[in-house]
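The data block below is final-v6.tsv; it holds TSV, C-alpha atoms and all ligand atoms.
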```tsv
chain	number	residue	atom	x	y	z
Z	1	MET	CA	4.02	-22.13	-15.92
Z	2	LYS	CA	2.27	-18.82	-16.71
Z	3	LEU	CA	-0.04	-17.04	-14.32
Z	4	LEU	CA	-2.35	-14.08	-14.97
Z	5	THR	CA	-2.78	-11.88	-11.86
Z	6	ILE	CA	-5.56	-9.32	-11.47
Z	7	GLU	CA	-5.71	-6.42	-8.98
Z	8	THR	CA	-8.79	-4.22	-8.44
Z	9	THR	CA	-8.91	-3.71	-4.68
Z	10	CYS	CA	-9.11	0.09	-4.69
Z	11	ASP	CA	-8.65	2.52	-7.57
Z	12	GLU	CA	-6.03	0.88	-9.79
Z	13	THR	CA	-7.11	-1.60	-12.45
Z	14	ALA	CA	-4.09	-3.85	-12.97
Z	15	ALA	CA	-3.12	-7.13	-14.61
Z	16	ALA	CA	0.21	-8.91	-15.01
Z	17	VAL	CA	1.61	-12.14	-16.40
Z	18	VAL	CA	4.26	-13.84	-14.25
Z	19	THR	CA	5.91	-17.25	-14.38
Z	20	ASP	CA	6.47	-19.81	-11.61
Z	21	ARG	CA	10.12	-18.69	-11.63
Z	22	LEU	CA	8.89	-15.19	-10.76
Z	23	GLU	CA	9.74	-13.69	-14.15
Z	24	VAL	CA	7.51	-10.74	-14.96
Z	25	LEU	CA	6.33	-11.07	-18.57
Z	26	SER	CA	4.07	-8.02	-18.47
Z	27	SER	CA	2.49	-5.52	-16.09
Z	28	VAL	CA	-0.30	-3.07	-16.85
Z	29	VAL	CA	-1.70	-0.52	-14.37
Z	30	ALA	CA	-4.57	1.83	-15.24
Z	31	SER	CA	-4.68	4.49	-12.54
Z	32	GLN	CA	-7.91	6.30	-11.65
Z	33	ASP	CA	-6.20	9.17	-9.79
Z	34	ARG	CA	-7.62	11.78	-12.14
Z	35	LEU	CA	-11.20	10.55	-11.64
Z	36	HIS	CA	-11.00	10.91	-7.86
Z	37	GLU	CA	-8.78	14.00	-7.70
Z	38	ARG	CA	-11.52	16.58	-7.35
Z	39	PHE	CA	-13.13	14.65	-4.45
Z	40	GLY	CA	-9.85	14.51	-2.50
Z	41	GLY	CA	-10.19	10.73	-2.02
Z	42	VAL	CA	-11.44	7.54	-3.69
Z	43	VAL	CA	-15.20	7.48	-4.37
Z	44	PRO	CA	-16.18	3.77	-4.27
Z	45	GLU	CA	-18.99	3.91	-6.85
Z	46	ILE	CA	-16.82	5.80	-9.34
Z	47	ALA	CA	-13.99	3.32	-8.70
Z	48	SER	CA	-16.08	0.21	-9.41
Z	49	ARG	CA	-17.57	1.70	-12.59
Z	50	ALA	CA	-14.13	2.65	-13.85
Z	51	HIS	CA	-12.88	-0.89	-13.11
Z	52	LEU	CA	-15.74	-2.26	-15.20
Z	53	GLU	CA	-14.74	-0.12	-18.18
Z	54	ARG	CA	-11.03	-0.94	-17.88
Z	55	ILE	CA	-10.74	-4.53	-16.73
Z	56	LEU	CA	-11.01	-6.23	-20.14
Z	57	PRO	CA	-8.68	-3.83	-22.02
Z	58	VAL	CA	-6.16	-4.08	-19.15
Z	59	ILE	CA	-6.19	-7.90	-19.22
Z	60	ASP	CA	-5.96	-7.90	-23.03
Z	61	GLU	CA	-2.98	-5.56	-22.88
Z	62	ALA	CA	-1.20	-7.66	-20.23
Z	63	LEU	CA	-1.59	-10.78	-22.40
Z	64	ARG	CA	-0.54	-8.91	-25.53
Z	65	ARG	CA	2.61	-7.50	-23.93
Z	66	ALA	CA	3.48	-10.98	-22.61
Z	67	GLY	CA	3.02	-12.30	-26.14
Z	68	ILE	CA	0.50	-14.94	-25.10
Z	69	GLY	CA	-3.22	-15.69	-25.34
Z	70	LEU	CA	-5.74	-16.90	-22.76
Z	71	ALA	CA	-5.11	-20.49	-23.85
Z	72	ASP	CA	-1.47	-20.22	-22.71
Z	73	LEU	CA	-2.40	-19.51	-19.10
Z	74	ASP	CA	-1.91	-22.20	-16.44
Z	75	ALA	CA	-3.71	-20.34	-13.63
Z	76	VAL	CA	-5.42	-17.05	-12.82
Z	77	ALA	CA	-5.05	-15.15	-9.54
Z	78	VAL	CA	-7.01	-12.22	-8.14
Z	79	ALA	CA	-6.88	-10.07	-5.00
Z	80	THR	CA	-10.06	-10.85	-3.04
Z	81	THR	CA	-9.29	-9.08	0.25
Z	82	PRO	CA	-9.19	-6.42	1.67
Z	83	GLY	CA	-10.59	-3.59	-0.43
Z	84	LEU	CA	-13.71	-1.84	-1.68
Z	85	ALA	CA	-16.48	-4.38	-2.24
Z	86	GLY	CA	-17.58	-3.08	-5.64
Z	87	SER	CA	-13.98	-2.83	-6.87
Z	88	LEU	CA	-13.01	-6.31	-5.65
Z	89	LEU	CA	-16.08	-7.81	-7.34
Z	90	VAL	CA	-15.04	-6.62	-10.80
Z	91	GLY	CA	-11.65	-8.32	-10.57
Z	92	LEU	CA	-13.06	-11.49	-9.07
Z	93	MET	CA	-15.76	-11.83	-11.75
Z	94	ALA	CA	-13.15	-11.43	-14.50
Z	95	ALA	CA	-10.86	-14.02	-12.86
Z	96	LYS	CA	-13.69	-16.50	-12.29
Z	97	THR	CA	-14.79	-16.17	-15.91
Z	98	ILE	CA	-11.28	-16.88	-17.21
Z	99	ALA	CA	-10.85	-19.82	-14.80
Z	100	LEU	CA	-14.17	-21.29	-15.89
Z	101	LEU	CA	-13.63	-20.80	-19.63
Z	102	GLN	CA	-10.03	-21.97	-19.68
Z	103	ARG	CA	-10.55	-24.69	-17.02
Z	104	ILE	CA	-7.56	-23.44	-15.04
Z	105	PRO	CA	-7.13	-23.02	-11.26
Z	106	LEU	CA	-8.30	-19.84	-9.52
Z	107	VAL	CA	-6.02	-18.52	-6.76
Z	108	ALA	CA	-7.08	-15.91	-4.19
Z	109	VAL	CA	-4.59	-13.24	-3.16
Z	110	ASN	CA	-4.54	-11.23	0.06
Z	111	HIS	CA	-3.68	-7.72	-1.14
Z	112	LEU	CA	-1.69	-6.83	2.01
Z	113	GLN	CA	0.41	-9.97	1.86
Z	114	ALA	CA	0.99	-9.20	-1.82
Z	115	HIS	CA	2.34	-5.75	-0.88
Z	116	ILE	CA	5.04	-7.49	1.21
Z	117	TYR	CA	5.69	-10.05	-1.53
Z	118	ALA	CA	6.55	-7.15	-3.87
Z	119	CYS	CA	9.89	-7.07	-2.00
Z	120	ARG	CA	10.46	-10.77	-2.76
Z	121	ILE	CA	9.86	-10.28	-6.48
Z	122	ALA	CA	11.85	-7.07	-6.80
Z	123	SER	CA	14.90	-8.36	-4.90
Z	124	GLY	CA	14.95	-11.88	-6.31
Z	125	GLU	CA	16.00	-12.93	-2.82
Z	126	ASP	CA	14.30	-15.11	-0.25
Z	127	VAL	CA	13.12	-12.42	2.17
Z	128	PHE	CA	11.32	-14.76	4.59
Z	129	PRO	CA	11.10	-14.86	7.56
Z	130	CYS	CA	10.71	-11.10	7.90
Z	131	VAL	CA	8.83	-8.28	9.54
Z	132	GLY	CA	6.47	-6.75	6.96
Z	133	LEU	CA	5.47	-3.08	7.13
Z	134	ILE	CA	2.51	-2.23	4.91
Z	135	VAL	CA	1.95	1.47	4.66
Z	136	SER	CA	-0.59	2.68	2.12
Z	137	GLY	CA	-3.63	4.89	1.66
Z	138	GLY	CA	-5.94	2.29	3.21
Z	139	HIS	CA	-3.65	0.37	5.57
Z	140	THR	CA	-0.82	0.76	8.02
Z	141	ALA	CA	0.17	-2.49	9.70
Z	142	LEU	CA	3.09	-4.60	10.86
Z	143	TYR	CA	3.20	-8.33	10.18
Z	144	ARG	CA	5.27	-11.24	11.37
Z	145	CYS	CA	5.86	-13.05	8.05
Z	146	GLN	CA	7.14	-16.52	8.83
Z	147	SER	CA	6.77	-17.67	5.21
Z	148	PRO	CA	4.85	-16.54	2.09
Z	149	LEU	CA	1.94	-18.60	3.44
Z	150	ASP	CA	2.13	-17.63	7.10
Z	151	PHE	CA	1.41	-13.99	8.05
Z	152	HIS	CA	0.45	-12.80	11.52
Z	153	MET	CA	-0.51	-9.20	12.28
Z	154	LEU	CA	1.53	-7.60	15.07
Z	155	GLY	CA	-0.26	-4.26	15.10
Z	156	CYS	CA	-2.02	-1.71	12.92
Z	157	THR	CA	-3.42	1.78	12.90
Z	158	ILE	CA	-6.31	2.36	15.25
Z	159	ASP	CA	-7.71	5.16	13.06
Z	160	ASP	CA	-6.35	6.67	9.81
Z	161	ALA	CA	-3.82	4.97	7.56
Z	162	ALA	CA	-0.54	6.86	7.04
Z	163	GLY	CA	-1.29	7.56	3.36
Z	164	GLU	CA	-4.74	8.80	4.26
Z	165	ALA	CA	-3.16	11.24	6.74
Z	166	PHE	CA	-0.73	12.42	4.01
Z	167	ASP	CA	-3.72	12.97	1.68
Z	168	LYS	CA	-5.72	14.90	4.30
Z	169	VAL	CA	-2.81	17.08	5.38
Z	170	ALA	CA	-2.06	17.82	1.70
Z	171	SER	CA	-5.67	18.89	1.29
Z	172	MET	CA	-5.45	21.24	4.34
Z	173	LEU	CA	-2.26	22.76	2.94
Z	174	ASN	CA	-3.80	23.05	-0.55
Z	175	LEU	CA	-1.17	20.80	-2.05
Z	176	GLY	CA	-3.45	18.63	-4.21
Z	177	TYR	CA	-4.18	14.89	-4.53
Z	178	PRO	CA	-2.72	12.31	-4.10
Z	179	GLY	CA	-1.16	14.01	-1.12
Z	180	GLY	CA	1.90	11.87	-0.37
Z	181	PRO	CA	4.13	13.02	-3.23
Z	182	ALA	CA	2.89	16.62	-2.82
Z	183	VAL	CA	3.68	16.73	0.92
Z	184	GLN	CA	7.09	15.17	0.22
Z	185	ARG	CA	7.86	17.88	-2.36
Z	186	ALA	CA	6.74	20.70	-0.05
Z	187	ALA	CA	8.65	19.19	2.90
Z	188	ALA	CA	11.94	19.44	1.00
Z	189	ALA	CA	12.07	23.19	1.74
Z	190	GLY	CA	10.84	22.89	5.33
Z	191	LYS	CA	12.25	22.31	8.82
Z	192	PRO	CA	11.21	18.94	10.33
Z	193	GLN	CA	11.44	20.31	13.88
Z	194	ALA	CA	9.54	23.55	13.17
Z	195	TYR	CA	6.29	22.35	14.78
Z	196	PRO	CA	6.00	20.00	17.78
Z	197	LEU	CA	3.65	17.19	16.67
Z	198	PRO	CA	2.62	13.99	18.49
Z	199	ARG	CA	4.13	10.50	17.94
Z	200	PRO	CA	1.49	8.19	19.49
Z	201	PHE	CA	2.64	4.91	21.14
Z	202	LEU	CA	6.23	5.51	20.04
Z	203	ASP	CA	7.60	5.11	23.56
Z	204	ASP	CA	5.62	1.92	24.23
Z	205	PRO	CA	7.42	-1.11	22.68
Z	206	ASP	CA	4.64	-3.43	23.93
Z	207	ARG	CA	2.16	-1.82	21.56
Z	208	LEU	CA	2.97	-2.08	17.84
Z	209	ASP	CA	0.03	0.08	16.77
Z	210	PHE	CA	-0.19	3.41	15.00
Z	211	SER	CA	-2.52	6.40	15.24
Z	212	PHE	CA	-2.47	9.23	12.71
Z	213	SER	CA	-5.80	10.92	13.34
Z	214	GLY	CA	-4.53	13.03	16.27
Z	215	LEU	CA	-1.46	14.01	14.27
Z	216	LYS	CA	-3.67	15.23	11.44
Z	217	THR	CA	-5.75	17.24	13.93
Z	218	ALA	CA	-2.56	18.65	15.49
Z	219	VAL	CA	-1.51	19.93	12.03
Z	220	ARG	CA	-4.94	21.45	11.61
Z	221	TYR	CA	-4.66	23.26	14.96
Z	222	GLN	CA	-1.36	24.76	13.86
Z	223	ILE	CA	-3.21	26.33	10.91
Z	224	VAL	CA	-6.67	27.11	12.31
Z	225	GLY	CA	-8.69	26.41	15.46
Z	226	PRO	CA	-11.50	23.84	15.85
Z	227	GLY	CA	-14.71	24.00	13.80
Z	228	LYS	CA	-15.43	24.17	10.09
Z	229	HIS	CA	-12.97	25.97	7.84
Z	230	ASP	CA	-12.60	26.54	4.14
Z	231	PHE	CA	-8.93	25.60	3.79
Z	232	ARG	CA	-8.92	26.75	0.16
Z	233	SER	CA	-9.42	30.37	1.22
Z	234	LEU	CA	-6.53	30.33	3.75
Z	235	GLN	CA	-3.49	32.39	2.82
Z	236	LEU	CA	-0.58	30.38	4.22
Z	237	GLN	CA	2.97	31.56	3.71
Z	238	PRO	CA	5.06	29.17	1.51
Z	239	GLN	CA	7.59	28.71	4.35
Z	240	GLN	CA	4.79	27.86	6.79
Z	241	VAL	CA	3.43	25.23	4.36
Z	242	ALA	CA	6.92	23.77	3.90
Z	243	ASP	CA	7.58	23.66	7.66
Z	244	LEU	CA	4.20	22.05	8.39
Z	245	ALA	CA	4.72	19.48	5.63
Z	246	ALA	CA	8.24	18.66	6.89
Z	247	SER	CA	7.14	18.45	10.54
Z	248	PHE	CA	4.18	16.23	9.68
Z	249	GLN	CA	6.25	13.94	7.45
Z	250	GLU	CA	8.92	13.61	10.14
Z	251	ALA	CA	6.32	12.64	12.77
Z	252	VAL	CA	4.84	9.94	10.50
Z	253	VAL	CA	8.29	8.63	9.59
Z	254	ASP	CA	9.38	8.57	13.27
Z	255	CYS	CA	6.36	6.36	14.08
Z	256	LEU	CA	6.84	4.02	11.10
Z	257	VAL	CA	10.58	3.61	11.70
Z	258	GLY	CA	10.26	3.32	15.50
Z	259	LYS	CA	7.52	0.68	15.40
Z	260	SER	CA	9.34	-1.32	12.70
Z	261	LEU	CA	12.45	-1.46	14.89
Z	262	GLN	CA	10.34	-2.57	17.86
Z	263	ALA	CA	8.75	-5.30	15.68
Z	264	LEU	CA	12.20	-6.56	14.66
Z	265	GLN	CA	13.15	-6.63	18.33
Z	266	ARG	CA	10.02	-8.52	19.32
Z	267	THR	CA	10.20	-11.18	16.56
Z	268	GLY	CA	13.97	-11.57	16.62
Z	269	PHE	CA	13.88	-11.41	12.80
Z	270	ARG	CA	16.73	-9.66	11.00
Z	271	THR	CA	14.84	-8.70	7.81
Z	272	LEU	CA	12.38	-5.87	7.21
Z	273	CYS	CA	10.22	-5.64	4.06
Z	274	VAL	CA	8.29	-2.47	3.31
Z	275	GLY	CA	5.45	-2.17	0.80
Z	276	GLY	CA	2.47	0.07	-0.01
Z	277	GLY	CA	2.24	3.51	-1.59
Z	278	VAL	CA	3.84	5.39	1.32
Z	279	ALA	CA	6.95	3.18	0.91
Z	280	ALA	CA	7.67	5.53	-2.00
Z	281	ASN	CA	8.37	8.30	0.51
Z	282	GLN	CA	11.99	9.38	0.21
Z	283	ARG	CA	12.40	10.45	3.83
Z	284	LEU	CA	11.04	7.09	5.04
Z	285	ARG	CA	13.38	5.22	2.69
Z	286	GLN	CA	16.36	7.28	3.85
Z	287	ARG	CA	15.63	6.85	7.57
Z	288	LEU	CA	15.06	3.09	7.26
Z	289	SER	CA	18.28	2.67	5.24
Z	290	GLU	CA	20.22	4.54	7.92
Z	291	GLU	CA	18.79	2.28	10.65
Z	292	ALA	CA	19.51	-0.86	8.61
Z	293	ASP	CA	23.13	0.24	8.22
Z	294	ARG	CA	23.43	1.14	11.89
Z	295	GLN	CA	21.69	-1.96	13.29
Z	296	GLY	CA	22.71	-4.50	10.65
Z	297	PHE	CA	19.34	-5.87	9.54
Z	298	ARG	CA	18.40	-6.63	5.92
Z	299	LEU	CA	16.08	-4.01	4.44
Z	300	PHE	CA	13.94	-4.55	1.36
Z	301	LEU	CA	12.00	-1.53	0.14
Z	302	ALA	CA	9.52	-2.17	-2.65
Z	303	PRO	CA	10.72	-0.18	-5.68
Z	304	LEU	CA	8.39	2.66	-6.63
Z	305	ALA	CA	6.54	0.79	-9.42
Z	306	LEU	CA	5.85	-2.14	-7.08
Z	307	ALA	CA	5.16	-0.04	-3.95
Z	308	THR	CA	1.88	1.41	-5.17
Z	309	ASP	CA	-0.95	-0.90	-6.23
Z	310	ASN	CA	0.01	-3.24	-9.08
Z	311	ALA	CA	-0.71	-6.80	-10.20
Z	312	VAL	CA	2.89	-8.08	-10.26
Z	313	MET	CA	2.87	-8.47	-6.47
Z	314	GLY	CA	-0.03	-10.90	-6.95
Z	315	ALA	CA	2.73	-13.38	-7.91
Z	316	ILE	CA	2.43	-14.47	-4.28
Z	317	ALA	CA	-0.28	-16.69	-5.81
Z	318	ILE	CA	2.52	-18.91	-7.18
Z	319	GLU	CA	3.37	-19.85	-3.58
Z	320	ARG	CA	-0.25	-20.75	-2.90
Z	321	LEU	CA	-0.56	-22.68	-6.14
Z	322	LYS	CA	2.55	-24.71	-5.31
Z	323	ALA	CA	1.03	-25.50	-1.91
Z	324	GLY	CA	-2.21	-26.64	-3.58
Z	325	LEU	CA	-4.18	-23.68	-2.22
Z	326	VAL	CA	-6.69	-23.05	-5.02
Z	327	GLU	CA	-10.24	-21.74	-4.69
Z	328	PRO	CA	-13.67	-23.04	-5.65
Z	329	LEU	CA	-15.50	-20.93	-8.24
Z	330	ASP	CA	-18.10	-19.80	-5.69
Z	331	ILE	CA	-15.51	-17.93	-3.61
Z	332	GLU	CA	-16.65	-14.43	-2.59
Z	333	VAL	CA	-14.83	-11.15	-1.97
Z	334	SER	CA	-13.94	-10.20	1.64
Z	335	PRO	CA	-13.80	-6.39	1.75
Z	336	GLY	CA	-12.66	-6.56	5.39
Z	337	PRO	CA	-12.84	-3.67	7.82
Z	338	LEU	CA	-13.03	-0.23	6.28
Z	339	ARG	CA	-9.83	0.51	8.11
Z	340	ALA	CA	-7.23	-2.08	9.04
W	401	LIG	O1	-0.67	1.44	-1.96
W	401	LIG	P1	-1.36	2.60	-2.62
W	401	LIG	O2	-1.04	2.90	-4.05
W	401	LIG	O3	-2.91	2.44	-2.56
W	401	LIG	C1	-3.59	1.92	-1.48
W	401	LIG	O4	-3.93	2.75	-0.60
W	401	LIG	O5	-3.78	0.68	-1.42
W	401	LIG	O6	-1.05	3.88	-1.69
W	401	LIG	C2	-1.53	5.17	-2.00
W	401	LIG	C3	-1.12	6.11	-0.90
W	401	LIG	C4	-1.74	7.49	-1.03
W	401	LIG	O7	-2.31	7.85	0.22
W	401	LIG	C5	-0.54	8.39	-1.37
W	401	LIG	O8	-0.69	9.71	-0.88
W	401	LIG	C6	0.59	7.67	-0.67
W	401	LIG	O9	0.31	6.28	-0.90
W	401	LIG	N1	1.89	8.01	-1.26
W	401	LIG	C7	2.87	8.64	-0.56
W	401	LIG	C8	3.94	8.88	-1.48
W	401	LIG	N2	3.57	8.38	-2.70
W	401	LIG	C9	2.31	7.84	-2.54
W	401	LIG	N3	2.93	9.03	0.72
W	401	LIG	C10	4.05	9.65	1.13
W	401	LIG	N4	5.08	9.94	0.32
W	401	LIG	C11	5.09	9.57	-0.98
W	401	LIG	N5	6.12	9.86	-1.77
W	402	ZN	ZN	-2.50	-1.36	-1.75
```

Translate this file's structure into structure tokens.
Ligand code: KG4
Ligand code: ZN
Amino acid sequence: MKLLTIETTCDETAAAVVTDRLEVLSSVVASQDRLHERFGGVVPEIASRAHLERILPVIDEALRRAGIGLADLDAVAVATTPGLAGSLLVGLMAAKTIALLQRIPLVAVNHLQAHIYACRIASGEDVFPCVGLIVSGGHTALYRCQSPLDFHMLGCTIDDAAGEAFDKVASMLNLGYPGGPAVQRAAAAGKPQAYPLPRPFLDDPDRLDFSFSGLKTAVRYQIVGPGKHDFRSLQLQPQQVADLAASFQEAVVDCLVGKSLQALQRTGFRTLCVGGGVAANQRLRQRLSEEADRQGFRLFLAPLALATDNAVMGAIAIERLKAGLVEPLDIEVSPGPLRA
């Protein structure tokens, strides 16, 4: 059985062809990073217009690389939640059109659940039941994942997502966009304990939430005081930038690692799966690996290509298809809260 998966929740236009045995026949990702770079973040209207231009070539290319045509597809899946409304709509319209023309089932994918499922595909192992940590530019949340069809949120950020905080701190330190990789690079030459920064909720195991807004402000106060500032005109010393980047990264990683351990404790599960763009962070990967070795739980980190937005992780649709969970053609997008 061959399934086409489509992903347009934010600023990546992606399509993949996967089989019901979770073989990846093709994967195409058209990134829009360069379009949004000069704004320091994703501009929704630019994102949806770019999706419109790219969606058909991206689908064509995914089919071509898989060596198949539309007529060979047995189902089509698309991420319908959460995301930017205009971006989601482009993917959903393309998927509906293919489902209608080819008379094949349409499967809806939850983008956050798909981020966790990336670990299932990459490892080839049955990762469920597990605790799922999703840590991206739009989301930071912990899930109790009983099965690929049963996800329950344990906690999430009450303000900024971790990736968003990386992007904003990178912008304050003039490190460019996207900020995560830039902060990671700068942090390599810095001291993680150089600046005392907050770790909200870390000492409270009853609360599996995150907060990164205060941390971002704390970094800002180490550079300048309150009020408006033109960060581009600041002359920071390279060592100061490196120390701030390292201290900030360490604070974020402490929170992500600490809360994940508390979630494992609460659920009694012995497996942790981590997905989303920030899962690419080397310091986070290293710290989680150390804890897994020390505490003896199974750790699955989405590999870099499957950690950031992609369509391969939409293979979670196979699980839904097998359970008979297909959608009517009048299904709508569910953008969800702006922050989750
Ligand atoms: O999952 P993703 O590709 O897009 C969504 O937000 O859904 O995640 C992008 C985020 C950006 O905020 C980016 O700065 C962050 O992931 N990121 C990183 C790293 N690579 C990407 N953050 C920290 N360290 C990294 N190496
Ligand atoms: Zn994502």

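CA of Leu234 (chain Z) lies 25.7 Å from CA of Gly137 (chain Z).
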
Within 10 Å of ligand ZN 402 (chain W) (counting only C-alpha atoms and all ligand atoms), which residues show up? I'd like them as number ranges by chain. Z: 7-12, 82-83, 111-115, 134-139, 275-278, 306-310

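Candidate residues Z:Gly86, Z:Val28, Z:Ala75, Z:Phe231 were compared for distance to Gly176 (chain Z), and the nearest is Z:Phe231, using only C-alpha atoms.
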
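In terms of minimum interatomic distance to Ala186 (chain Z), Z:Ala246 ranks closest within Z:Val219, Z:Ala246, Z:Leu202, Z:Val131, counting only C-alpha atoms.
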
From Z:Ser211, Z:Gln237, Z:Ser171, Z:Ser87, residue lying nearest Glu37 (chain Z) [only C-alpha atoms]: Z:Ser171

Neighbours of point (13.7, 2.3, 15.5) within 12 Å, using all atoms listed in the file, written as a count of residues only: 29

Scan for residues within 12 Å of the point (6.2, 14.1, 6.2) in the coordinates of the file, using all atoms listed in the file, and reply as a PDB file with C-alpha atoms, in the frame of the given file.
```pdb
ATOM      1  CA  ALA Z 162      -0.540   6.860   7.040  1.00  0.00           C
ATOM      2  CA  GLY Z 163      -1.290   7.560   3.360  1.00  0.00           C
ATOM      3  CA  ALA Z 165      -3.160  11.240   6.740  1.00  0.00           C
ATOM      4  CA  PHE Z 166      -0.730  12.420   4.010  1.00  0.00           C
ATOM      5  CA  ASP Z 167      -3.720  12.970   1.680  1.00  0.00           C
ATOM      6  CA  VAL Z 169      -2.810  17.080   5.380  1.00  0.00           C
ATOM      7  CA  ALA Z 170      -2.060  17.820   1.700  1.00  0.00           C
ATOM      8  CA  GLY Z 179      -1.160  14.010  -1.120  1.00  0.00           C
ATOM      9  CA  GLY Z 180       1.900  11.870  -0.370  1.00  0.00           C
ATOM     10  CA  PRO Z 181       4.130  13.020  -3.230  1.00  0.00           C
ATOM     11  CA  ALA Z 182       2.890  16.620  -2.820  1.00  0.00           C
ATOM     12  CA  VAL Z 183       3.680  16.730   0.920  1.00  0.00           C
ATOM     13  CA  GLN Z 184       7.090  15.170   0.220  1.00  0.00           C
ATOM     14  CA  ARG Z 185       7.860  17.880  -2.360  1.00  0.00           C
ATOM     15  CA  ALA Z 186       6.740  20.700  -0.050  1.00  0.00           C
ATOM     16  CA  ALA Z 187       8.650  19.190   2.900  1.00  0.00           C
ATOM     17  CA  ALA Z 188      11.940  19.440   1.000  1.00  0.00           C
ATOM     18  CA  ALA Z 189      12.070  23.190   1.740  1.00  0.00           C
ATOM     19  CA  GLY Z 190      10.840  22.890   5.330  1.00  0.00           C
ATOM     20  CA  LYS Z 191      12.250  22.310   8.820  1.00  0.00           C
ATOM     21  CA  PRO Z 192      11.210  18.940  10.330  1.00  0.00           C
ATOM     22  CA  GLN Z 193      11.440  20.310  13.880  1.00  0.00           C
ATOM     23  CA  TYR Z 195       6.290  22.350  14.780  1.00  0.00           C
ATOM     24  CA  LEU Z 197       3.650  17.190  16.670  1.00  0.00           C
ATOM     25  CA  PHE Z 212      -2.470   9.230  12.710  1.00  0.00           C
ATOM     26  CA  LEU Z 215      -1.460  14.010  14.270  1.00  0.00           C
ATOM     27  CA  LYS Z 216      -3.670  15.230  11.440  1.00  0.00           C
ATOM     28  CA  VAL Z 219      -1.510  19.930  12.030  1.00  0.00           C
ATOM     29  CA  VAL Z 241       3.430  25.230   4.360  1.00  0.00           C
ATOM     30  CA  ALA Z 242       6.920  23.770   3.900  1.00  0.00           C
ATOM     31  CA  ASP Z 243       7.580  23.660   7.660  1.00  0.00           C
ATOM     32  CA  LEU Z 244       4.200  22.050   8.390  1.00  0.00           C
ATOM     33  CA  ALA Z 245       4.720  19.480   5.630  1.00  0.00           C
ATOM     34  CA  ALA Z 246       8.240  18.660   6.890  1.00  0.00           C
ATOM     35  CA  SER Z 247       7.140  18.450  10.540  1.00  0.00           C
ATOM     36  CA  PHE Z 248       4.180  16.230   9.680  1.00  0.00           C
ATOM     37  CA  GLN Z 249       6.250  13.940   7.450  1.00  0.00           C
ATOM     38  CA  GLU Z 250       8.920  13.610  10.140  1.00  0.00           C
ATOM     39  CA  ALA Z 251       6.320  12.640  12.770  1.00  0.00           C
ATOM     40  CA  VAL Z 252       4.840   9.940  10.500  1.00  0.00           C
ATOM     41  CA  VAL Z 253       8.290   8.630   9.590  1.00  0.00           C
ATOM     42  CA  ASP Z 254       9.380   8.570  13.270  1.00  0.00           C
ATOM     43  CA  CYS Z 255       6.360   6.360  14.080  1.00  0.00           C
ATOM     44  CA  LEU Z 256       6.840   4.020  11.100  1.00  0.00           C
ATOM     45  CA  VAL Z 278       3.840   5.390   1.320  1.00  0.00           C
ATOM     46  CA  ALA Z 280       7.670   5.530  -2.000  1.00  0.00           C
ATOM     47  CA  ASN Z 281       8.370   8.300   0.510  1.00  0.00           C
ATOM     48  CA  GLN Z 282      11.990   9.380   0.210  1.00  0.00           C
ATOM     49  CA  ARG Z 283      12.400  10.450   3.830  1.00  0.00           C
ATOM     50  CA  LEU Z 284      11.040   7.090   5.040  1.00  0.00           C
ATOM     51  CA  ARG Z 285      13.380   5.220   2.690  1.00  0.00           C
ATOM     52  CA  ARG Z 287      15.630   6.850   7.570  1.00  0.00           C
TER      53      ARG Z 287
END
```

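Across the model, the gap from CA of Arg207 (chain Z) to atom O4 of ligand LIG 401 (chain W) is 23.4 Å.
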
Could you tell me how far CA of Ala16 (chain Z) sits from CA of Arg65 (chain Z), in Å to one decimal place? 9.3 Å

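Taking only C-alpha atoms into account, Leu236 (chain Z) lies nearest to Z:Leu175 out of the set Z:Ala194, Z:Ile6, Z:Leu175, Z:Ile46.
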
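You can rank Z:Ala317, Z:Cys273, Z:Val29, Z:Ala62 by their closest distance to ligand LIG 401 (chain W) using only C-alpha atoms and all ligand atoms, and at the top of that list sits Z:Val29.
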
I'd like the contact shell of region 143-145 of chain Z - 7 Å cut-off, only C-alpha atoms, skipping same-chain residues fewer than 4 positions apart - returned as a PyMOL selection string. chain Z and resi 128-133+150-154

Nearest to Gln240 (chain Z) among Z:Ile158, Z:Leu173, Z:Val24, Z:Leu301, with distances taken over all atoms listed in the file: which residue is it? Z:Leu173

Could you give me the axis-aligned bounding box of region 39-52 of chain Z, with 5 Å of padding per side, as centre plus edge lengths in Å to one decimal, as JSON?
```
{"center_x": -14.4, "center_y": 6.2, "center_z": -8.6, "size_x": 19.1, "size_y": 26.9, "size_z": 23.2}
```

Set the distance at 8 Å and use only C-alpha atoms: which residues neighbour region 333-336 of chain Z once local chain neighbours fewer than 5 positions away are removed? I'd like the list as a list in words. Thr80, Thr81, Pro82, Gly83, Leu84, Ala85, Leu88, Leu89 and Leu92 of chain Z

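Taking all atoms listed in the file, the non-local environment of Glu327 (chain Z) within 12 Å (same-chain residues fewer than 6 positions away omitted) comprises Ala75, Val76, Ala77, Val78, Thr80, Leu92, Ala95, Lys96, Ala99, Leu100, Ile104, Pro105, Leu106, Val107, Ala108, Val109, Ala317, Arg320, Leu321 and Val333 of chain Z.
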